[in-house]
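> Encoded as structure tokens, here's the structure I'll be asking about.
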Amino acid sequence: MEEAIVSNNPIPFLRMGSGEPLVLLHGFSSCKEAWFKQFKLAKQFDLIIPDLRGHGNNRTLEGISIENFAKDVLSLLNFLNIESAHICGYSMGGIVAQEIYRQAPEKCKSLVFACTTHYFSNDLGGIIRQLYKVQSFIVPPFMRKILAVRSCFFSWSMKNVGHIEKCLKPNMKVMYKAIDAIVGVDNRSLLPKITVPTLVIGARYDSIIPVIIPMCMKKQIPNSELVILNKAGHLAKVEMAKEFNQALLNFFSKHLMTSVVN
């Protein structure tokens with residue numbers, strides 16, 4: 001693990017591989033290690049995988065917002081002297097990727113929005129916040145893992161319980177702040193303005209981001225591409241990692257100036 005000090009805020013990140021830079025942005029209550037099934041992409045790309053504020057090893061607990069998440073990633077790219085990169089965001093990370101494009105479209109060679117949304121109503125956010133609060137007080141830790149597996153995977157197995165432990169590192173105080181950061185996101189006017197190559201990925205059995213949402217996003221983003229993973233829930237990048245990675249490689253092979261070797 002490496003660490004960049006940007007505006008007095010340490011940003012922990014993983015960096016591996018070589019090739020064109022590809023930034024992987026994790027989701028809500030997750031961490032950089034959640035991309036473990038995508039580490040093999042380092043054979044083709046210079047992978048840059050940060051922990052967002054308050055997540056994983058990132059100890060910055062103030063200023064948790066989508067805007068600041070995006071600013072931190074852009075500061076990290078500047079720290080690494082990277083002029084532009086492919087930006088892939090998963091779930092909440094996909095919202096951050098949209099905000100990165102809003103703030104600095106010149107930094108984005110291409111975009112991948114995976115199992116994410118472009119719009120999060122205030123009413124829905126309030127309900128989710130209350131559910132997390134009740135769960136944190138009533139449900140014991142092991143049962144919370146079981147519930148997470150049930151909501152994040154299409155298939156049930158104890159192996160997926162282990163995967164949840166790798167993918168989710170919840171900090172309840174941060175989770176409430178992160179929910180507040182997501183609530184009210186409305187990028188409906190942004191999507192039609194995206195001009196870089198864009199891939200939208202959805203999962204047929206995603207109970208958190210229903211598949212209709214990525215389908216709507218694809219319609220709103222000019223010349224975008226859509227891939228639906230048919231046997232996966234919200235954590236499709238783990239549950240159908242081979243297919244998810246291949247979707248990325250197929251997309252990038254069309255749009256990279258340099259070749260991508262499968």
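Within each chain, counting starts at residue 1; across the structure tokens, chains are named A, B, ... in the order shown, with ligands numbered 1 upward in that order.
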Excluding Cys88 in chain A and residues on its chain fewer than 6 positions from it, collect all residues at most 6 Å away from it, counting only C-alpha atoms, and give them as a list of chain:residue names.

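Final neighbour list, sorted by chain and number: A:Val23, A:Leu24, A:Leu111, A:Val112.
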
> For the residues in that selection, give me all heavy atoms as a PDB file, in the first residue's frame.


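Saved to again39.pdb:
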```
ATOM      1  N   VAL A  23      -8.267   3.909 -12.980  1.00  0.00           N
ATOM      2  CA  VAL A  23      -8.630   4.171 -11.591  1.00  0.00           C
ATOM      3  C   VAL A  23      -9.868   3.356 -11.249  1.00  0.00           C
ATOM      4  O   VAL A  23     -10.882   3.410 -11.961  1.00  0.00           O
ATOM      5  CB  VAL A  23      -8.908   5.671 -11.360  1.00  0.00           C
ATOM      6  CG1 VAL A  23      -9.331   5.925  -9.921  1.00  0.00           C
ATOM      7  CG2 VAL A  23      -7.676   6.501 -11.708  1.00  0.00           C
ATOM      8  N   LEU A  24      -9.811   2.601 -10.155  1.00  0.00           N
ATOM      9  CA  LEU A  24     -10.935   1.796  -9.684  1.00  0.00           C
ATOM     10  C   LEU A  24     -11.449   2.393  -8.380  1.00  0.00           C
ATOM     11  O   LEU A  24     -10.688   2.508  -7.407  1.00  0.00           O
ATOM     12  CB  LEU A  24     -10.503   0.343  -9.474  1.00  0.00           C
ATOM     13  CG  LEU A  24      -9.926  -0.383 -10.705  1.00  0.00           C
ATOM     14  CD1 LEU A  24      -9.487  -1.798 -10.325  1.00  0.00           C
ATOM     15  CD2 LEU A  24     -10.936  -0.427 -11.846  1.00  0.00           C
ATOM     16  N   LEU A 111     -15.055   6.317 -19.185  1.00  0.00           N
ATOM     17  CA  LEU A 111     -15.778   6.127 -17.940  1.00  0.00           C
ATOM     18  C   LEU A 111     -16.443   4.751 -17.925  1.00  0.00           C
ATOM     19  O   LEU A 111     -16.958   4.287 -18.959  1.00  0.00           O
ATOM     20  CB  LEU A 111     -16.852   7.193 -17.775  1.00  0.00           C
ATOM     21  CG  LEU A 111     -16.376   8.648 -17.638  1.00  0.00           C
ATOM     22  CD1 LEU A 111     -17.552   9.604 -17.820  1.00  0.00           C
ATOM     23  CD2 LEU A 111     -15.718   8.869 -16.278  1.00  0.00           C
ATOM     24  N   VAL A 112     -16.437   4.126 -16.756  1.00  0.00           N
ATOM     25  CA  VAL A 112     -17.213   2.899 -16.547  1.00  0.00           C
ATOM     26  C   VAL A 112     -18.057   3.110 -15.298  1.00  0.00           C
ATOM     27  O   VAL A 112     -17.539   3.399 -14.224  1.00  0.00           O
ATOM     28  CB  VAL A 112     -16.312   1.663 -16.364  1.00  0.00           C
ATOM     29  CG1 VAL A 112     -17.176   0.420 -16.128  1.00  0.00           C
ATOM     30  CG2 VAL A 112     -15.406   1.461 -17.577  1.00  0.00           C
TER      31      VAL A 112
END
```

> Identify, on the basis of only C-alpha atoms, every residue whose closest approach to range 94-110 of chain A does not exceed 7 Å; exclude the query and any residue fewer than 5 positions from it along the same chain; express the result as a list of chain:residue names.

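In the requested format, the answer is A:Ile66, A:Glu67, A:Phe69, A:Ala70, A:Glu83, A:Ser84, A:Ala85, A:His86, A:Ile87, A:Cys88, A:Gly89, A:Thr116, A:Thr117, A:His118, A:Val196, A:Pro197, A:Thr198.
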
> Mind pulling up the distance from CA of Phe120 in chain A to CA of Phe252 in chain A?

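So the answer is 28.5 Å.
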
> Which is closer to Ala114 in chain A than all the others in A:Val211, A:Leu52, A:Leu249, A:Ile221, using only C-alpha atoms?

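Checking each of A:Val211, A:Leu52, A:Leu249, A:Ile221 against Ala114 in chain A, counting only C-alpha atoms, the winner is A:Val211.
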
> For the atom pair CA of Leu41 in chain A and CA of Tyr90 in chain A, what is the interatomic distance in Å to one decimal place?

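A separation of 15.7 Å between them.
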
> At a cut-off of 7 Å, using only C-alpha atoms, what residues contact Arg53 in chain A? Leave out same-chain residues fewer than 6 positions from it and give the result as a PyMOL selection string.

chain A and resi 59-61+64+69

> Using only C-alpha atoms, determine which residues lie at most 12 Å from Pro222 in chain A, disregarding the query and same-chain residues fewer than 6 positions distant; provide the list as an NGL selection string.

:A and (190-200 or 216)

> Please report the interatomic distance between CA of His255 in chain A and CA of Glu225 in chain A in Å with one decimal.

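About the pair CA of His255 in chain A and CA of Glu225 in chain A: they are 11.7 Å apart.
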
> Calculated over only C-alpha atoms, which of the candidates A:Phe113, A:Phe244, A:Phe28, A:Trp35 has the smallest distance to Arg15 in chain A?

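Among the listed residues, A:Trp35 lies closest to Arg15 in chain A.
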
> Fewer than 5 positions away in the same chain doesn't count, so skip those; otherwise give me all residues within 10 Å of Ile49 in chain A, counting only C-alpha atoms, as a VMD selection string.

chain A and resid 1 12 to 16 22 to 26 31 to 35 39 73 88

> Please run DSSP on the backbone and report, as a ChimeraX atom specification, all residues within range 35-126 of chain A that come out as strand (DSSP E or B).

/A:45-50,85-90,108-114,119
